[in-house]
$ cat protein-v6.txt   # compact mmCIF, C-alpha atoms (C1' of nucleotides)
# COMPACT_ATOMS: atom_id res chain seq x y z
CA MET D 166 0.00 0.00 0.00
CA LYS D 167 0.95 3.62 -0.40
CA VAL D 168 0.65 6.12 2.42
CA LYS D 169 -2.62 7.97 2.74
CA TRP D 170 -3.22 11.09 4.72
CA THR D 171 -6.65 12.13 5.86
CA CYS D 172 -7.53 15.52 7.23
CA LEU D 173 -9.65 15.01 10.33
CA LYS D 174 -10.14 18.63 11.19
CA LYS D 175 -9.06 22.08 10.11
CA ASP D 176 -8.32 24.68 12.73
CA GLU D 177 -10.51 27.73 12.34
CA GLY D 178 -8.09 30.30 13.64
CA SER D 179 -5.03 29.22 11.70
CA MET D 180 -3.82 27.08 8.84
CA ALA D 181 -3.32 24.11 11.18
CA ARG D 182 -4.75 20.70 10.40
CA ARG D 183 -5.36 17.62 12.51
CA GLY D 184 -4.80 14.55 10.39
CA ARG D 185 -3.99 10.88 10.18
CA LEU D 186 -1.31 9.27 8.06
CA GLU D 187 -1.81 5.61 7.21
CA THR D 188 1.31 3.71 6.20
CA PRO D 189 2.26 0.09 5.57
CA HIS D 190 3.67 0.02 9.10
CA GLY D 191 0.88 1.67 10.98
CA THR D 192 -1.01 4.87 11.50
CA VAL D 193 0.47 8.18 12.56
CA GLU D 194 -1.54 11.02 14.04
CA THR D 195 -0.53 14.42 12.69
CA PRO D 196 0.85 16.97 13.23
CA VAL D 197 3.78 14.76 14.17
CA PHE D 198 7.43 15.05 15.07
CA MET D 199 9.71 12.38 13.64
CA PRO D 200 12.93 11.65 15.55
CA VAL D 201 15.97 11.37 13.30
CA GLY D 202 17.91 8.13 13.09
CA THR D 203 20.45 9.03 10.45
CA GLN D 204 22.49 5.86 10.62
CA ALA D 205 19.55 3.53 11.25
CA THR D 206 19.57 4.44 14.90
CA VAL D 207 18.19 7.37 16.82
CA LYS D 208 21.44 8.05 18.60
CA ALA D 209 21.53 6.42 22.03
CA MET D 210 17.96 5.08 21.86
CA THR D 211 16.58 1.57 21.56
CA PRO D 212 13.38 1.05 19.56
CA ALA D 213 11.63 0.10 22.81
CA GLU D 214 12.61 3.40 24.38
CA LEU D 215 11.41 5.32 21.34
CA GLU D 216 8.11 3.58 21.50
CA GLU D 217 7.75 4.21 25.21
CA MET D 218 8.33 7.95 24.82
CA GLY D 219 5.62 8.07 22.16
CA ALA D 220 7.61 8.27 18.93
CA ARG D 221 5.57 6.77 16.07
CA ILE D 222 7.58 7.41 12.91
CA LEU D 223 11.32 7.74 12.40
CA LEU D 224 13.59 9.27 9.83
CA SER D 225 16.72 7.71 8.39
CA ASN D 226 19.22 8.73 5.77
CA THR D 227 20.08 7.47 2.32
CA TYR D 228 23.50 9.09 2.05
CA HIS D 229 24.81 7.69 5.32
CA LEU D 230 23.41 4.19 4.89
CA TYR D 231 24.58 3.99 1.28
CA LEU D 232 28.15 4.73 2.38
CA ARG D 233 27.95 2.54 5.44
CA PRO D 234 26.98 -0.25 5.71
CA GLY D 235 25.58 -0.22 2.15
CA ALA D 236 21.98 -0.58 0.99
CA ASP D 237 22.33 -4.26 0.16
CA LEU D 238 23.10 -5.25 3.72
CA VAL D 239 20.05 -3.33 4.89
CA ALA D 240 17.97 -4.99 2.17
CA ALA D 241 19.26 -8.38 3.30
CA HIS D 242 17.62 -7.69 6.66
CA GLY D 243 14.33 -7.04 4.92
CA GLY D 244 14.98 -3.31 4.78
CA LEU D 245 15.35 -0.75 7.53
CA HIS D 246 12.49 -2.14 9.60
CA GLY D 247 14.26 -5.45 9.99
CA PHE D 248 17.72 -3.95 10.18
CA MET D 249 17.06 -1.51 12.99
CA GLN D 250 14.15 -3.44 14.48
CA TRP D 251 11.68 -0.59 14.36
CA GLN D 252 8.24 -1.86 13.48
CA GLY D 253 6.60 1.52 12.94
CA PRO D 254 6.70 3.76 9.88
CA ILE D 255 10.03 5.05 8.57
CA LEU D 256 10.85 7.88 6.20
CA THR D 257 14.20 8.13 4.43
CA ASP D 258 15.76 11.40 3.42
CA SER D 259 17.39 11.31 0.03
CA GLY D 260 20.80 12.79 0.65
CA GLY D 261 19.75 16.18 -0.68
CA PHE D 262 20.63 17.79 2.60
CA GLN D 263 24.12 16.29 2.52
CA VAL D 264 24.61 17.93 -0.86
CA PHE D 265 24.09 21.14 1.09
CA SER D 266 25.90 20.32 4.31
CA LEU D 267 28.97 18.57 2.93
CA GLY D 268 29.77 21.69 0.92
CA GLU D 269 33.21 21.39 -0.58
CA LEU D 270 33.00 17.65 -0.96
CA GLN D 271 30.54 17.74 -3.86
CA LYS D 272 29.96 18.89 -7.42
CA ILE D 273 26.45 19.41 -8.72
CA ARG D 274 25.65 18.58 -12.33
CA GLU D 275 22.45 18.05 -14.28
CA GLU D 276 22.91 14.32 -14.15
CA GLY D 277 23.26 14.32 -10.39
CA VAL D 278 25.74 15.09 -7.65
CA GLU D 279 29.27 13.84 -7.60
CA PHE D 280 30.58 13.78 -4.08
CA ARG D 281 33.34 12.49 -1.93
CA SER D 282 32.60 10.32 1.04
CA HIS D 283 33.14 12.15 4.32
CA ILE D 284 34.32 8.80 5.69
CA ASP D 285 37.13 7.83 3.34
CA GLY D 286 37.18 10.45 0.60
CA SER D 287 36.08 7.99 -2.09
CA LYS D 288 34.19 9.36 -5.08
CA HIS D 289 30.51 8.64 -5.69
CA LEU D 290 27.67 9.80 -7.89
CA PHE D 291 24.10 10.26 -6.76
CA THR D 292 21.47 10.63 -9.45
CA PRO D 293 17.71 10.67 -8.98
CA GLU D 294 17.68 7.14 -10.37
CA SER D 295 20.44 5.80 -8.13
CA VAL D 296 18.90 7.40 -5.07
CA MET D 297 15.53 5.81 -5.86
CA ASP D 298 17.26 2.47 -6.16
CA ILE D 299 18.95 2.92 -2.78
CA GLU D 300 15.82 4.18 -1.07
CA GLY D 301 13.96 1.23 -2.55
CA LYS D 302 16.43 -1.15 -0.97
CA LEU D 303 16.23 0.66 2.36
CA GLY D 304 12.51 0.07 2.12
CA ALA D 305 11.13 2.94 4.17
CA ASP D 306 7.40 3.66 4.02
CA ILE D 307 8.14 7.11 2.64
CA ALA D 308 11.08 8.01 0.42
CA MET D 309 12.01 11.60 -0.25
CA ALA D 310 12.88 12.75 -3.76
CA PHE D 311 16.51 13.59 -4.45
CA ASP D 312 16.79 17.37 -4.28
CA GLU D 313 19.27 20.09 -3.53
CA CYS D 314 18.91 22.01 -0.31
CA ILE D 315 19.83 25.53 -1.36
CA PRO D 316 22.17 27.38 1.02
CA TYR D 317 21.27 30.72 2.54
CA PRO D 318 21.98 33.28 1.40
CA ALA D 319 21.79 32.37 -2.30
CA THR D 320 21.47 34.66 -5.27
CA TYR D 321 18.22 34.67 -7.19
CA GLU D 322 19.96 33.26 -10.23
CA TYR D 323 21.46 30.37 -8.32
CA ALA D 324 18.24 29.62 -6.44
CA LYS D 325 16.30 29.68 -9.67
CA ALA D 326 18.63 27.29 -11.44
CA ALA D 327 18.88 24.96 -8.45
CA THR D 328 15.13 24.93 -7.93
CA ALA D 329 14.47 24.15 -11.57
CA ARG D 330 17.04 21.36 -11.42
CA SER D 331 15.46 19.90 -8.27
CA GLY D 332 12.16 19.98 -10.16
CA ARG D 333 13.62 17.99 -13.03
CA TRP D 334 15.19 15.58 -10.56
CA ALA D 335 11.80 15.16 -8.86
CA ALA D 336 10.28 14.11 -12.20
CA ARG D 337 13.13 11.64 -12.73
CA CYS D 338 12.65 10.29 -9.20
CA LYS D 339 8.97 9.75 -9.88
CA ALA D 340 9.73 7.97 -13.13
CA ALA D 341 12.35 5.76 -11.49
CA HIS D 342 10.49 5.02 -8.29
CA CYS D 343 8.83 1.63 -8.46
CA ARG D 344 8.90 -0.01 -5.06
CA GLU D 345 5.65 -1.37 -3.73
CA ASN D 346 4.77 -0.37 -0.18
CA GLN D 347 6.71 2.85 -0.49
CA SER D 348 5.52 6.36 -1.24
CA LEU D 349 7.60 9.08 -2.82
CA PHE D 350 7.30 12.66 -1.57
CA GLY D 351 8.37 15.63 -3.67
CA ILE D 352 10.25 18.51 -2.10
CA VAL D 353 9.46 22.16 -2.67
CA GLN D 354 12.53 24.36 -2.99
CA GLY D 355 12.95 27.96 -4.10
CA GLY D 356 15.19 29.37 -1.42
CA MET D 357 13.74 32.49 0.18
CA TYR D 358 12.22 33.67 -3.11
CA LYS D 359 8.45 33.52 -3.17
CA ASP D 360 8.04 33.30 -6.91
CA LEU D 361 10.47 30.39 -7.03
CA ARG D 362 8.59 28.68 -4.21
CA ALA D 363 5.37 29.12 -6.16
CA GLN D 364 6.94 27.77 -9.31
CA SER D 365 8.46 24.81 -7.50
CA ALA D 366 5.20 23.99 -5.73
CA ALA D 367 3.21 24.23 -8.97
CA GLU D 368 5.55 21.85 -10.79
CA LEU D 369 5.51 19.30 -8.01
CA VAL D 370 1.74 19.49 -7.52
CA GLU D 371 1.41 18.83 -11.23
CA MET D 372 3.45 15.65 -10.73
CA ASP D 373 0.94 14.57 -8.10
CA PHE D 374 3.00 13.24 -5.19
CA PRO D 375 1.25 11.63 -2.20
CA GLY D 376 2.91 14.17 0.08
CA TYR D 377 5.19 17.19 -0.08
CA GLY D 378 8.32 18.17 1.72
CA ILE D 379 9.13 21.81 2.20
CA GLY D 380 12.88 21.96 2.01
CA GLY D 381 15.53 24.62 2.13
CA LEU D 382 14.23 26.30 5.26
CA SER D 383 15.96 26.67 8.61
CA VAL D 384 19.28 26.89 6.82
CA GLY D 385 20.54 29.96 8.65
CA GLU D 386 17.89 32.56 7.84
CA GLU D 387 16.14 34.58 10.55
CA LYS D 388 12.96 33.02 11.90
CA PRO D 389 10.62 35.78 10.70
CA LEU D 390 11.86 35.21 7.16
CA MET D 391 11.49 31.47 7.49
CA TYR D 392 7.91 31.89 8.75
CA GLU D 393 7.13 34.30 5.95
CA VAL D 394 8.36 31.89 3.28
CA LEU D 395 6.62 29.00 5.01
CA GLU D 396 3.21 30.63 5.21
CA HIS D 397 3.58 31.62 1.60
CA THR D 398 4.40 28.04 0.63
CA THR D 399 1.92 25.83 2.48
CA PRO D 400 -1.17 27.29 0.74
CA LEU D 401 0.44 26.41 -2.58
CA LEU D 402 0.21 22.72 -1.69
CA PRO D 403 -2.89 20.52 -1.99
CA GLN D 404 -5.19 20.60 1.03
CA GLU D 405 -5.61 16.84 0.94
CA LYS D 406 -1.92 15.93 1.00
CA PRO D 407 0.47 15.88 3.98
CA ARG D 408 3.08 18.62 4.26
CA TYR D 409 6.44 17.95 5.77
CA LEU D 410 8.68 20.80 6.89
CA MET D 411 12.12 19.29 6.63
CA GLY D 412 14.70 19.78 9.34
CA VAL D 413 12.59 21.74 11.79
CA GLY D 414 12.88 22.00 14.71
CA SER D 415 12.94 23.74 17.93
CA PRO D 416 9.80 23.79 20.07
CA ASP D 417 8.84 27.30 18.97
CA CYS D 418 9.39 26.44 15.31
CA LEU D 419 7.18 23.37 15.63
CA VAL D 420 4.35 25.46 17.02
CA ALA D 421 4.90 28.09 14.35
CA GLY D 422 4.96 25.39 11.68
CA VAL D 423 1.72 23.78 12.84
CA LEU D 424 0.00 27.17 12.82
CA ARG D 425 1.12 27.55 9.21
CA GLY D 426 -0.31 24.24 8.08
CA VAL D 427 2.57 21.79 8.47
CA ASP D 428 1.77 18.17 9.34
CA MET D 429 5.17 16.52 9.71
CA PHE D 430 8.51 17.63 11.09
CA ASP D 431 11.89 16.10 11.73
CA CYS D 432 14.97 17.53 13.35
CA VAL D 433 18.25 16.44 14.87
CA LEU D 434 18.09 19.28 17.35
CA PRO D 435 16.46 17.46 20.28
CA THR D 436 18.86 14.53 20.14
CA ARG D 437 21.96 16.55 19.36
CA ILE D 438 21.51 19.17 22.04
CA ALA D 439 20.51 16.45 24.48
CA ARG D 440 23.89 14.80 24.00
CA ASN D 441 25.47 18.21 24.47
CA GLY D 442 23.59 18.83 27.71
CA THR D 443 20.70 21.11 26.79
CA LEU D 444 17.16 20.11 27.71
CA PHE D 445 13.75 21.30 26.58
CA THR D 446 11.44 22.08 29.50
CA SER D 447 8.06 23.69 30.01
CA GLN D 448 10.00 26.71 31.29
CA GLY D 449 12.27 26.96 28.26
CA LYS D 450 15.68 25.44 27.84
CA LEU D 451 17.90 24.18 30.59
CA VAL D 452 21.64 23.62 30.31
CA ILE D 453 22.16 20.81 32.75
CA ARG D 454 25.93 21.30 33.10
CA ASN D 455 25.43 24.71 34.64
CA SER D 456 26.62 24.88 38.23
CA GLN D 457 23.25 26.10 39.49
CA TYR D 458 21.93 22.54 39.14
CA LYS D 459 24.69 20.95 41.18
CA GLU D 460 22.44 20.22 44.15
CA ASP D 461 19.07 20.56 42.44
CA MET D 462 16.90 17.66 43.53
CA ARG D 463 14.07 18.44 41.13
CA PRO D 464 13.46 16.53 37.88
CA LEU D 465 14.54 18.15 34.61
CA ASP D 466 10.99 19.38 34.12
CA GLU D 467 8.44 19.14 36.92
CA GLN D 468 5.64 18.87 34.37
CA CYS D 469 7.25 16.02 32.44
CA SER D 470 6.33 12.35 32.70
CA CYS D 471 9.25 10.86 30.79
CA TYR D 472 11.39 8.07 32.19
CA ALA D 473 14.21 10.46 33.10
CA CYS D 474 11.92 12.87 34.91
CA ARG D 475 10.06 10.12 36.75
CA HIS D 476 13.26 8.76 38.25
CA PHE D 477 16.19 11.16 38.38
CA SER D 478 17.19 14.54 39.80
CA ARG D 479 18.85 17.37 37.91
CA ALA D 480 21.81 16.98 40.25
CA TYR D 481 22.19 13.33 39.23
CA ILE D 482 21.89 13.97 35.51
CA ARG D 483 24.29 16.90 35.80
CA HIS D 484 26.71 14.59 37.57
CA LEU D 485 26.43 12.10 34.70
CA PHE D 486 27.28 14.82 32.17
CA ILE D 487 30.15 16.23 34.20
CA ALA D 488 31.53 12.75 34.70
CA GLY D 489 31.16 11.98 30.99
CA GLU D 490 28.86 9.06 31.65
CA ILE D 491 26.92 7.87 28.61
CA LEU D 492 23.72 7.51 30.61
CA GLY D 493 23.51 11.30 30.85
CA ALA D 494 23.23 11.58 27.09
CA ARG D 495 20.69 8.77 27.02
CA LEU D 496 18.43 10.25 29.67
CA ALA D 497 18.66 13.70 28.10
CA THR D 498 17.75 12.25 24.71
CA ILE D 499 14.78 10.39 26.17
CA HIS D 500 13.64 13.61 27.79
CA ASN D 501 14.02 15.90 24.78
CA LEU D 502 12.31 13.52 22.39
CA HIS D 503 9.53 12.96 24.90
CA TYR D 504 9.15 16.70 25.20
CA LEU D 505 8.69 17.24 21.46
CA VAL D 506 6.49 14.20 20.98
CA SER D 507 4.30 15.39 23.85
CA LEU D 508 4.31 18.92 22.48
CA MET D 509 2.88 17.61 19.24
CA ALA D 510 0.25 15.55 21.08
CA GLU D 511 -0.72 18.69 22.95
CA LEU D 512 -1.08 20.62 19.69
CA ARG D 513 -3.19 17.84 18.16
CA LEU D 514 -5.51 17.86 21.15
CA ALA D 515 -5.71 21.64 21.07
CA ILE D 516 -6.79 21.55 17.42
CA GLU D 517 -9.45 18.95 18.23
CA GLU D 518 -10.74 21.06 21.10
CA ASN D 519 -10.67 24.33 19.21
CA ARG D 520 -8.15 25.98 21.47
CA LEU D 521 -4.99 25.91 19.39
CA GLY D 522 -4.66 29.68 19.65
CA GLN D 523 -4.30 29.71 23.42
CA THR D 524 -2.13 26.60 23.53
CA ALA D 525 0.20 27.94 20.86
CA ALA D 526 0.42 31.33 22.56
CA ARG D 527 1.32 29.70 25.87
CA LEU D 528 4.00 27.50 24.29
CA LEU D 529 5.50 30.30 22.25
CA ASN D 530 5.60 32.44 25.36
CA ALA D 531 7.51 29.74 27.26
CA TRP D 532 10.10 29.81 24.49
CA GLY D 533 10.37 33.57 24.46
CA TYR D 534 8.25 34.44 21.44
C1' G A 178 75.91 11.56 58.10
C1' G A 179 77.36 11.92 52.48
C1' A A 180 75.94 12.90 47.13
C1' G A 181 72.43 14.65 43.86
C1' G A 182 67.47 16.38 42.04
C1' G A 183 63.32 19.50 42.82
C1' A A 184 59.65 23.46 44.67
C1' U A 185 55.73 27.64 38.69
C1' U A 186 49.42 30.70 38.32
C1' C A 187 42.93 25.63 41.12
C1' C A 188 45.76 20.68 39.62
C1' C A 189 49.54 18.43 36.42
C1' G A 190 53.35 20.55 33.84
C1' A A 191 56.63 23.80 30.04
C1' G A 192 59.78 27.78 30.82
C1' U A 193 65.90 28.47 34.13
C1' U A 194 72.10 31.17 27.30
C1' G A 195 68.00 37.47 32.42
C1' G A 196 63.79 41.45 28.80
C1' C A 197 59.23 39.22 23.32
C1' C A 198 56.33 36.04 30.69
C1' A A 199 50.37 37.22 33.96
C1' A A 200 53.87 32.99 32.22
C1' A A 201 53.14 27.17 26.66
C1' G A 202 50.24 22.78 26.85
C1' G A 203 46.87 19.51 29.25
C1' G A 204 43.30 18.83 33.14
C1' G A 205 39.64 20.98 36.04
C1' G A 206 36.21 25.02 36.42
C1' C A 207 32.68 28.75 34.25
C1' A A 208 29.72 30.06 30.18
C1' G A 209 27.87 29.83 25.04
C1' A A 210 26.45 27.49 20.35
C1' C A 211 23.87 23.48 18.08
C1' U A 212 17.30 23.04 13.45
C1' G A 213 16.14 17.07 6.35
C1' U A 214 23.39 14.64 12.01
C1' A A 215 31.12 14.64 8.95
C1' A A 216 28.53 16.50 16.19
C1' A A 217 28.58 12.01 23.34
C1' U A 218 30.71 17.94 19.11
C1' C A 219 32.50 22.83 18.70
C1' U A 220 33.67 27.89 20.64
C1' G A 221 35.02 31.47 24.36
C1' C A 222 36.75 32.74 29.28
C1' U A 223 39.71 31.01 33.37
C1' G A 224 45.39 36.28 39.04
C1' G A 225 43.22 41.36 40.44
C1' C A 226 41.63 46.13 38.94
C1' A A 227 39.75 52.35 38.06
C1' C A 228 41.36 46.59 32.27
C1' U A 229 44.82 50.20 24.84
C1' G A 230 47.40 50.64 31.27
C1' C A 231 48.50 49.52 36.33
C1' C A 232 49.03 46.15 40.55
C1' U A 233 50.17 41.33 42.74
C1' U A 234 52.24 36.41 41.31
C1' C A 235 56.60 31.48 39.75
C1' G A 236 58.65 27.81 48.16
C1' A A 237 60.66 32.12 51.87
C1' A A 238 63.91 36.18 52.80
C1' G A 239 67.72 39.08 50.97
C1' G A 240 71.03 40.52 46.87
C1' U A 241 73.01 41.59 41.66
C1' U A 242 70.80 44.37 37.46
C1' C A 243 67.90 49.62 33.80
C1' G A 244 65.17 44.83 34.07
C1' A A 245 64.72 38.32 37.60
C1' A A 246 60.21 32.54 37.25
C1' U A 247 65.14 32.66 35.05
C1' C A 248 71.75 34.77 38.15
C1' C A 249 73.95 34.89 43.56
C1' U A 250 73.38 34.02 49.14
C1' U A 251 70.88 32.00 53.21
C1' C A 252 66.69 29.42 54.93
C1' U A 253 62.26 25.91 54.64
C1' C A 254 60.14 21.66 52.64
C1' C A 255 60.00 17.30 49.24
C1' C A 256 62.34 13.22 46.36
C1' U A 257 66.33 9.71 44.85
C1' C A 258 70.89 7.24 45.79
C1' C A 259 75.08 5.96 49.21
C1' A A 260 76.25 4.78 54.47

$ encode --input "protein-v6.txt" --output "structure tokens"
Amino acid sequence: MKVKWTCLKKDEGSMARRGRLETPHGTVETPVFMPVGTQATVKAMTPAELEEMGARILLSNTYHLYLRPGADLVAAHGGLHGFMQWQGPILTDSGGFQVFSLGELQKIREEGVEFRSHIDGSKHLFTPESVMDIEGKLGADIAMAFDECIPYPATYEYAKAATARSGRWAARCKAAHCRENQSLFGIVQGGMYKDLRAQSAAELVEMDFPGYGIGGLSVGEEKPLMYEVLEHTTPLLPQEKPRYLMGVGSPDCLVAGVLRGVDMFDCVLPTRIARNGTLFTSQGKLVIRNSQYKEDMRPLDEQCSCYACRHFSRAYIRHLFIAGEILGARLATIHNLHYLVSLMAELRLAIEENRLGQTAARLLNAWGY
RNA sequence: GGAGGGAUUCCCGAGUUGGCCAAAGGGGGCAGACUGUAAAUCUGCUGGCACUGCCUUCGAAGGUUCGAAUCCUUCUCCCUCCA
């Protein structure tokens, strides 16, 4: 089966939607946050822990798994689900972001992207066709089209050419994509230029994908600009298809994204900053290494029900970080993911109960907006 | 009792042909950053102050010198080896 998204309710005071995404590996309530497991693992988490904290769909990455351990080994396990032992839905990113983030290591051509492995420097070529083949072997429920995440700032000329190229690549991805039980999402680009966003969206809508990624945002631009481009872009996409804002984000950005009609999000932020000692809390962020928590007996967040908050004090978790103990990173990751997953559940409920406005205002206020 | 080595800024530890030394480097400490993961990573600060300069500091006291962590004298403590 292919994925199918159903809108259950539209918020009256905003562009937000409450929906349901059905996939070959189960149903996902939206808006949803998807934890990122780049290398077929959400860093430091077991599938059981992810399930317990409420995660329902994960992200993984084509570029990384292609280089190591190779798509064939994953396929030999029956795809990512068997390989990483996650029974729920999975979405794979195409490697388009690595084209952006690996910078000097790549050369972009019409055919595709020639790049050097960040692991051993070896040369490789990604084309829309090869990426579809790899994503097919990885076997996620949703595969993202191979695109180019345009840097910021970018000139109009560059953004225009890159966006047009990503559009052509999207068409080639669609033509090459053949795996059963997998759906291909197109990705809207256009940089920060509204006419390019409109053009990109129109082309992709014409190709009729089952869902749309909004890429190229949160790449260094100021938030007001990102929100402006986002709220210009979402209305350009079909009402009946899911929208996925790629690479976002922080708690405030998730709220802002939902208000602007986004249904799916992913971001490395919660897991990365967790490992680096920063926690999301109902009172804003908390840097657990700070000396003020040395003897703090309270949980990370007194309003949180995650495993870490049910059992441990700030003083203990701080101690783990200071001592370099791996459990600190694990507990912090559990907490941050739980926070975002719960945040999304709260937003879904608020949409259902017609009080998204107040809920969003309260959350944005907690994060200083 | 004899011979030798050493004491440096919170810790370890460079520096000892005198100036470029408030003093390398590491640790520790204190902060900050992180948004489709080249990240359990990276960055900054870490004697005091009235801070483009001044003051105090390299075991203690005294001395040589324009100038001393660096040279000389005495003292204190520590370590190694020989009796």

$ residues_around --input "protein-v6.txt" --residues "Ala525 (chain D)" --least-positions-apart "6" --cutoff "10 Å" --atoms "only C-alpha atoms (C1' of nucleotides)" --output "JSON, numbers by chain"
{"D": [417, 419, 420, 421, 423, 424, 511, 512, 515, 531]}

$ residues_near_point --input "protein-v6.txt" --point "(19.8, 24.5, 12.3)" --cutoff "8 Å" --atoms "only C-alpha atoms (C1' of nucleotides)" --output "ChimeraX atom specification"
/D:383-385,412-414,434 /A:211-212

$ write_last_selection --input "protein-v6.txt" --atoms "C-alpha atoms (C1' of nucleotides)" --output "PDB file, in the coordinates of the input"
ATOM      1  CA  SER D 383      15.960  26.670   8.610  1.00  0.00           C
ATOM      2  CA  VAL D 384      19.280  26.890   6.820  1.00  0.00           C
ATOM      3  CA  GLY D 385      20.540  29.960   8.650  1.00  0.00           C
ATOM      4  CA  GLY D 412      14.700  19.780   9.340  1.00  0.00           C
ATOM      5  CA  VAL D 413      12.590  21.740  11.790  1.00  0.00           C
ATOM      6  CA  GLY D 414      12.880  22.000  14.710  1.00  0.00           C
ATOM      7  CA  LEU D 434      18.090  19.280  17.350  1.00  0.00           C
TER       8      LEU D 434
ATOM      9  C1'   C A 211      23.870  23.480  18.080  1.00  0.00           C
ATOM     10  C1'   U A 212      17.300  23.040  13.450  1.00  0.00           C
TER      11        U A 212
END

$ closest_atom_pairs --input "protein-v6.txt" --of "chain D" --to "chain A" --cutoff "7 Å" --atoms "all atoms listed in the file" --output "Markdown table"
| residue | atom | partner | partner_atom | distance |
| --- | --- | --- | --- | --- |
| D:Thr203 | CA | A:U214 | C1' | 6.5 |
| D:Asp258 | CA | A:G213 | C1' | 6.4 |
| D:Phe262 | CA | A:G213 | C1' | 5.9 |
| D:His283 | CA | A:A215 | C1' | 5.6 |
| D:Ser383 | CA | A:U212 | C1' | 6.2 |
| D:Met411 | CA | A:G213 | C1' | 4.6 |
| D:Gly412 | CA | A:G213 | C1' | 4.3 |
| D:Val413 | CA | A:U212 | C1' | 5.2 |
| D:Gly414 | CA | A:U212 | C1' | 4.7 |
| D:Ser415 | CA | A:U212 | C1' | 6.3 |
| D:Asp431 | CA | A:G213 | C1' | 6.9 |
| D:Cys432 | CA | A:U212 | C1' | 6.0 |
| D:Val433 | CA | A:U214 | C1' | 6.2 |
| D:Leu434 | CA | A:U212 | C1' | 5.5 |
| D:Ile438 | CA | A:C211 | C1' | 6.3 |
| D:Arg440 | CA | A:A217 | C1' | 5.5 |
| D:Ile491 | CA | A:A217 | C1' | 6.9 |
| D:Ala494 | CA | A:A217 | C1' | 6.5 |

$ atom_distance --input "protein-v6.txt" --atom1 "CA of Val452 (chain D)" --atom2 "CA of Arg513 (chain D)"
28.2 Å

$ residues_around --input "protein-v6.txt" --residues "Arg463 (chain D)" --least-positions-apart "2" --cutoff "12 Å" --atoms "only C-alpha atoms (C1' of nucleotides)" --output "JSON, numbers by chain"
{"D": [453, 458, 459, 460, 461, 465, 466, 467, 468, 469, 473, 474, 475, 476, 477, 478, 479, 480, 481, 482, 483]}

$ closest_residue --input "protein-v6.txt" --among "D:Glu187, D:Asp176, D:Glu217, D:Asp285" --to "Tyr472 (chain D)" --atoms "all atoms listed in the file"
D:Glu217

$ axis_aligned_box --input "protein-v6.txt" --around "region 231-244 of chain A" --padding-each-side "8 Å" --output "JSON"
{"center_x": 60.8, "center_y": 38.7, "center_z": 43.3, "size_x": 40.5, "size_y": 37.8, "size_z": 35.0}

$ closest_residue --input "protein-v6.txt" --among "A:C222, A:C243, A:C249, A:C228" --to "G209 (chain A)" --atoms "all atoms listed in the file"
A:C222

$ atom_distance --input "protein-v6.txt" --atom1 "CA of Tyr231 (chain D)" --atom2 "CA of Phe280 (chain D)"
12.7 Å

$ atom_distance --input "protein-v6.txt" --atom1 "CA of Asp312 (chain D)" --atom2 "CA of Arg437 (chain D)"
24.2 Å

$ residues_around --input "protein-v6.txt" --residues "G196 (chain A)" --least-positions-apart "2" --cutoff "12 Å" --atoms "all atoms listed in the file" --output "number ranges by chain"
A: 198, 242-245, 247

$ write_last_selection --input "protein-v6.txt" --atoms "C-alpha atoms (C1' of nucleotides)" --output "PDB file, in the frame of the given file"
ATOM      1  C1'   C A 198      56.330  36.040  30.690  1.00  0.00           C
ATOM      2  C1'   U A 242      70.800  44.370  37.460  1.00  0.00           C
ATOM      3  C1'   C A 243      67.900  49.620  33.800  1.00  0.00           C
ATOM      4  C1'   G A 244      65.170  44.830  34.070  1.00  0.00           C
ATOM      5  C1'   A A 245      64.720  38.320  37.600  1.00  0.00           C
ATOM      6  C1'   U A 247      65.140  32.660  35.050  1.00  0.00           C
TER       7        U A 247
END

$ closest_residue --input "protein-v6.txt" --among "A:G221, A:A200, A:C256, A:G181" --to "U234 (chain A)" --atoms "all atoms listed in the file"
A:A200

$ residues_around --input "protein-v6.txt" --residues "G182 (chain A)" --least-positions-apart "5" --cutoff "12 Å" --atoms "all atoms listed in the file" --output "list in words"
C255, C256, U257 and C258 of chain A

$ write_last_selection --input "protein-v6.txt" --atoms "C-alpha atoms (C1' of nucleotides)" --output "mmCIF file, in the coordinates of the input"
data_model
loop_
_atom_site.group_PDB
_atom_site.id
_atom_site.type_symbol
_atom_site.label_atom_id
_atom_site.label_comp_id
_atom_site.auth_asym_id
_atom_site.auth_seq_id
_atom_site.Cartn_x
_atom_site.Cartn_y
_atom_site.Cartn_z
ATOM 1 C "C1'" C A 255 60.000 17.300 49.240
ATOM 2 C "C1'" C A 256 62.340 13.220 46.360
ATOM 3 C "C1'" U A 257 66.330 9.710 44.850
ATOM 4 C "C1'" C A 258 70.890 7.240 45.790
#

$ residues_around --input "protein-v6.txt" --residues "region 340-354 of chain D" --least-positions-apart "5" --cutoff "6 Å" --atoms "all atoms listed in the file" --output "PyMOL selection string"
chain D and resi 166-167+294+297+301+306-310+328+362+365-366+374+376-381

$ closest_residue --input "protein-v6.txt" --among "A:C231, A:A238, A:A246, A:C219" --to "U185 (chain A)" --atoms "all atoms listed in the file"
A:A246
